[in-house]
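Participant: model-v6.txt (compact mmCIF, C-alpha atoms) pasted underneath:
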```txt
# COMPACT_ATOMS: atom_id res chain seq x y z
CA MET A 749 0.00 0.00 0.00
CA ALA A 750 2.86 2.37 0.82
CA ARG A 751 4.45 1.70 -2.58
CA ILE A 752 1.15 2.26 -4.38
CA TRP A 753 0.64 5.56 -2.55
CA GLN A 754 4.20 6.73 -3.33
CA ASN A 755 3.80 5.79 -7.00
CA LEU A 756 0.53 7.73 -7.24
CA LYS A 757 2.19 10.79 -5.72
CA ALA A 758 5.06 10.48 -8.21
CA ILE A 759 2.59 10.19 -11.09
CA ARG A 760 0.76 13.29 -9.86
CA LYS A 761 3.98 15.31 -9.92
CA ALA A 762 4.85 14.08 -13.41
CA MET A 763 1.36 14.81 -14.75
CA LYS A 764 1.34 18.27 -13.16
CA LYS A 765 4.71 19.02 -14.75
CA LEU A 766 3.42 17.79 -18.11
CA ASN A 767 0.34 19.98 -17.73
CA ASP A 768 2.52 23.03 -17.04
CA ILE A 769 4.60 22.33 -20.15
CA THR A 770 1.63 21.53 -22.41
CA ASN A 771 -0.94 24.30 -22.34
CA VAL A 772 -4.02 22.68 -23.88
CA THR A 773 -5.72 25.95 -24.87
CA GLU A 774 -2.53 27.26 -26.46
CA MET A 775 -2.01 23.97 -28.31
CA ILE A 776 -5.56 24.12 -29.74
CA HIS A 777 -5.01 27.72 -30.86
CA LYS A 778 -1.77 26.80 -32.65
CA LEU A 779 -3.36 23.82 -34.38
CA ARG A 780 -6.28 25.95 -35.57
CA VAL A 781 -3.92 28.57 -37.00
CA VAL A 782 -1.84 25.93 -38.81
CA LEU A 783 -4.96 24.19 -40.11
CA LYS A 784 -6.38 27.50 -41.34
CA ASP A 785 -3.14 28.29 -43.21
CA MET A 786 -3.06 24.80 -44.71
CA GLN A 787 -6.66 25.09 -45.95
CA SER A 788 -5.90 28.52 -47.42
CA GLN A 789 -2.98 27.04 -49.36
CA MET A 790 -5.18 24.21 -50.61
CA ARG A 791 -7.67 26.73 -52.02
CA ASP A 792 -5.01 28.72 -53.88
CA THR A 793 -2.94 25.92 -55.40
CA ASN A 794 -3.31 22.47 -56.86
CA VAL A 795 -3.89 20.14 -53.95
CA SER A 796 -1.45 17.27 -53.56
CA THR A 797 -1.92 13.98 -51.71
CA GLU A 798 0.65 15.10 -49.14
CA GLN A 799 -1.41 18.23 -48.37
CA PHE A 800 -4.56 16.14 -47.95
CA ASP A 801 -2.76 13.82 -45.54
CA LYS A 802 -1.36 16.73 -43.56
CA GLU A 803 -4.77 18.40 -43.32
CA LYS A 804 -6.30 15.13 -42.11
CA SER A 805 -3.57 14.73 -39.51
CA LEU A 806 -4.11 18.29 -38.24
CA LYS A 807 -7.86 17.68 -37.95
CA VAL A 808 -7.25 14.52 -35.94
CA GLN A 809 -4.86 16.33 -33.60
CA LEU A 810 -7.26 19.25 -33.20
CA GLU A 811 -10.11 16.90 -32.34
CA LYS A 812 -7.94 15.06 -29.81
CA TRP A 813 -6.85 18.22 -27.99
CA SER A 814 -10.38 19.66 -28.11
CA LEU A 815 -11.68 16.53 -26.37
CA ILE A 816 -8.90 16.83 -23.78
CA GLU A 817 -9.83 20.46 -23.11
CA GLU A 818 -13.52 19.62 -22.86
CA SER A 819 -12.76 16.72 -20.52
CA ILE A 820 -10.76 19.08 -18.27
CA TYR A 821 -13.61 21.59 -18.09
CA LYS A 822 -16.11 18.80 -17.49
CA HIS A 823 -14.02 17.49 -14.61
CA LYS A 824 -13.61 20.93 -13.05
CA SER A 825 -17.28 21.81 -13.39
CA ARG A 826 -18.45 18.37 -12.17
CA VAL A 827 -21.08 18.36 -14.92
CA LEU A 828 -21.78 14.65 -15.34
CA ASN A 829 -25.09 14.77 -17.24
CA ILE A 830 -23.59 16.03 -20.48
CA LYS A 831 -21.58 14.00 -22.98
CA LEU A 832 -18.26 14.98 -24.47
CA ARG A 833 -18.10 16.38 -28.02
CA ASP A 834 -20.79 18.93 -27.16
CA SER A 835 -18.11 21.64 -26.94
CA ASN A 836 -20.30 23.55 -24.51
CA ILE A 837 -17.35 25.39 -22.96
CA ALA A 838 -19.41 28.39 -21.80
CA TYR A 839 -21.69 26.05 -19.86
CA PHE A 840 -18.68 24.44 -18.16
CA PHE A 841 -17.27 27.84 -17.19
CA ALA A 842 -20.63 28.88 -15.76
CA ASN A 843 -20.74 25.72 -13.64
CA MET A 844 -17.19 26.27 -12.41
CA LYS A 845 -18.10 29.81 -11.32
CA GLY A 846 -21.22 28.45 -9.64
CA ARG A 847 -19.26 25.85 -7.69
CA LYS A 848 -16.76 28.49 -6.61
CA ALA A 849 -19.57 30.75 -5.42
CA GLN A 850 -21.20 27.90 -3.50
CA ASN A 851 -17.96 27.17 -1.67
CA GLN A 852 -17.71 30.75 -0.40
CA ILE A 853 -19.52 32.11 2.65
CA LYS A 854 -20.23 35.78 1.97
CA MET A 855 -22.98 36.28 4.55
CA LEU A 856 -23.82 34.56 7.82
CA THR A 857 -26.54 34.90 10.45
CA ALA A 858 -24.97 35.18 13.90
CA LYS A 859 -26.34 33.51 17.01
CA ASN A 860 -27.99 36.76 18.09
CA GLY A 861 -29.74 37.08 14.71
CA GLU A 862 -27.42 39.74 13.31
CA MET A 863 -26.35 39.44 9.64
CA ILE A 864 -22.57 39.36 9.16
CA ASN A 865 -20.90 40.05 5.82
CA ASN A 866 -17.35 40.80 6.97
CA THR A 867 -14.86 37.99 6.32
CA GLU A 868 -13.07 38.32 9.65
CA GLU A 869 -16.32 38.49 11.61
CA ILE A 870 -17.67 35.41 9.77
CA GLN A 871 -14.51 33.50 10.61
CA LYS A 872 -14.72 34.60 14.25
CA GLU A 873 -18.39 33.58 14.50
CA ILE A 874 -17.73 30.11 13.04
CA MET A 875 -14.72 29.52 15.29
CA GLY A 876 -16.71 30.62 18.34
CA PHE A 877 -19.61 28.33 17.46
CA TYR A 878 -17.47 25.20 17.19
CA LYS A 879 -15.43 26.10 20.28
CA GLN A 880 -18.66 26.02 22.26
CA LEU A 881 -19.38 22.52 20.95
CA LEU A 882 -15.99 21.15 21.95
CA GLY A 883 -16.05 19.62 25.39
CA SER A 884 -19.75 20.24 25.97
CA ALA A 885 -22.05 17.33 26.85
CA SER A 886 -25.61 17.00 25.63
CA GLU A 887 -28.32 16.34 28.20
CA ASN A 888 -30.54 14.41 25.78
CA LEU A 889 -29.44 12.12 22.96
CA PRO A 890 -32.27 11.26 20.53
CA ALA A 891 -32.57 7.51 19.95
CA ILE A 892 -35.06 4.98 18.63
CA HIS A 893 -36.93 3.03 21.28
CA PRO A 894 -36.05 -0.72 21.10
CA GLY A 895 -39.69 -1.63 21.48
CA VAL A 896 -40.53 0.14 18.21
CA LEU A 897 -37.92 -1.91 16.35
CA GLN A 898 -39.19 -5.19 17.70
CA HIS A 899 -42.65 -4.62 16.23
CA GLY A 900 -41.26 -3.87 12.77
CA THR A 901 -39.89 -6.11 10.00
CA ARG A 902 -36.59 -7.69 10.92
CA LEU A 903 -33.92 -9.52 8.93
CA ASN A 904 -33.58 -13.27 9.34
CA ARG A 905 -30.28 -14.87 10.30
CA SER A 906 -29.30 -15.60 6.69
CA GLN A 907 -29.84 -11.96 5.69
CA GLN A 908 -27.87 -10.74 8.71
CA LEU A 909 -24.93 -12.96 7.78
CA HIS A 910 -25.10 -11.74 4.19
CA LEU A 911 -24.73 -8.12 5.37
CA ILE A 912 -21.46 -8.88 7.19
CA LYS A 913 -20.16 -11.18 4.46
CA PRO A 914 -16.56 -10.25 3.46
CA PHE A 915 -16.40 -8.65 0.03
CA THR A 916 -14.19 -10.13 -2.67
CA LYS A 917 -11.78 -8.60 -5.17
CA GLU A 918 -14.43 -9.04 -7.87
CA ASP A 919 -16.92 -7.04 -5.78
CA VAL A 920 -14.47 -4.13 -5.50
CA LEU A 921 -13.67 -4.29 -9.22
CA GLN A 922 -17.36 -4.30 -10.10
CA ALA A 923 -17.98 -1.33 -7.80
CA LEU A 924 -15.07 0.54 -9.40
CA LYS A 925 -16.51 -0.04 -12.87
CA GLY A 926 -19.82 1.40 -11.68
CA ILE A 927 -18.24 4.72 -10.65
CA ASP A 928 -18.55 7.55 -13.16
CA ASP A 929 -15.32 8.25 -15.05
CA MET A 930 -15.14 11.81 -13.72
CA LYS A 931 -15.59 10.81 -10.06
CA GLU A 932 -12.63 10.62 -7.66
CA PRO A 933 -12.82 7.47 -5.47
CA GLY A 934 -10.15 8.79 -3.08
CA GLY A 935 -8.48 12.00 -2.05
CA ASP A 936 -5.54 11.62 -4.44
CA ARG A 937 -7.29 13.55 -7.27
CA PHE A 938 -7.17 10.56 -9.64
CA ASN A 939 -10.56 9.89 -11.19
CA SER A 940 -11.98 6.40 -11.62
CA TYR A 941 -11.16 6.45 -15.35
CA PHE A 942 -7.45 6.44 -14.46
CA PHE A 943 -7.80 3.26 -12.40
CA LYS A 944 -10.13 1.58 -14.90
CA LYS A 945 -7.48 1.99 -17.59
CA ALA A 946 -4.54 1.18 -15.29
CA LEU A 947 -5.80 -2.09 -13.75
CA PRO A 948 -5.84 -4.23 -16.94
CA THR A 949 -2.22 -3.25 -17.69
CA VAL A 950 -0.69 -4.37 -14.38
CA GLY A 951 -0.04 -7.76 -12.87
CA ASP A 952 -2.40 -9.67 -10.62
CA ASP A 953 -0.39 -8.86 -7.49
CA VAL A 954 -0.43 -5.13 -8.21
CA THR A 955 -4.11 -5.29 -9.14
CA GLU A 956 -4.94 -6.84 -5.80
CA VAL A 957 -3.00 -4.12 -3.95
CA VAL A 958 -4.70 -1.35 -5.95
CA LEU A 959 -8.12 -2.85 -5.24
CA ASN A 960 -7.23 -2.98 -1.54
CA TYR A 961 -6.49 0.73 -1.88
CA PHE A 962 -10.23 1.31 -2.12
```
As structure tokens, please, write out the structure in this file.

Facilitator:
Amino acid sequence: MARIWQNLKAIRKAMKKLNDITNVTEMIHKLRVVLKDMQSQMRDTNVSTEQFDKEKSLKVQLEKWSLIEESIYKHKSRVLNIKLRDSNIAYFFANMKGRKAQNQIKMLTAKNGEMINNTEEIQKEIMGFYKQLLGSASENLPAIHPGVLQHGTRLNRSQQLHLIKPFTKEDVLQALKGIDDMKEPGGDRFNSYFFKKALPTVGDDVTEVVLNYF
């Protein structure tokens, strides 16, 4: 597990470095400029087979990088109910701004009913609220009366044993396949698509360790 965790951290650093070197938006802009020049040349002169092949190659590269850019925006905006190839970049940006706004507390109602919109006062109010909770004991803890449970439907012994049945490697793999590609199963910022593609390429021993990671 320690080796898996260290390898994931190393991959994160390498991918971050690659992302800094390769600016996706800049790459798309360059490809569009080159493709536009190539198509202009093809209109003005006799088109050769080599020019056709080069134009086709540029279109393939442009499509690939456009899908990468759209996938990045989809991941950042957490929009999962829209398919790729829609190129709805404005919609993704709007969702990213919405998520950022939701994660910010710009106004808070204090305990005395006063509205607070100052950042320092909001922070002070939140800290004071949780400091009061620390170390304080509740006089009443809400709970369900055992007598109510006894009169309801209960699981038989076989069903109870099935609930505590140890899960297998196949169960974990099946659960991983059921996770959306853009979801992050852990806190390492690797989405499930990364692990879905990585598992078939590694050995059985490594696969078992990676599955235990979840």

Participant: What's the separation between CA of Glu869 in chain A and CA of Ala885 in chain A, in Å to one decimal place?

Facilitator: 26.7 Å

Participant: Expressed in Å to a single decimal, how great is the separation between CA of Lys807 in chain A and CA of Ser788 in chain A?

Facilitator: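 Taking CA of Lys807 in chain A as the start and CA of Ser788 in chain A as the end point, the length is 14.5 Å.
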
Participant: Work out how far CA of Asn851 in chain A is from CA of Glu868 in chain A, in Å to one decimal.

Facilitator: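 Pair CA of Glu868 in chain A / CA of Asn851 in chain A returns 16.6 Å.
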
Participant: Identify which of the residues A:Ser814, A:Thr797, A:Ser886, A:Ser805 lies closest to Asn771 in chain A, counting all atoms listed in the file when measuring atom-to-atom distances.

Facilitator: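 When distances to Asn771 in chain A are compared using all atoms listed in the file, the smallest one comes from A:Ser814.
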
Participant: Which residue out of A:Ile892, A:Phe800, A:His823, A:Asp785 has the minimum interatomic distance to Asp928 in chain A when all atoms listed in the file are used?

Facilitator: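 Using all atoms listed in the file, Asp928 in chain A sits closest to A:His823.
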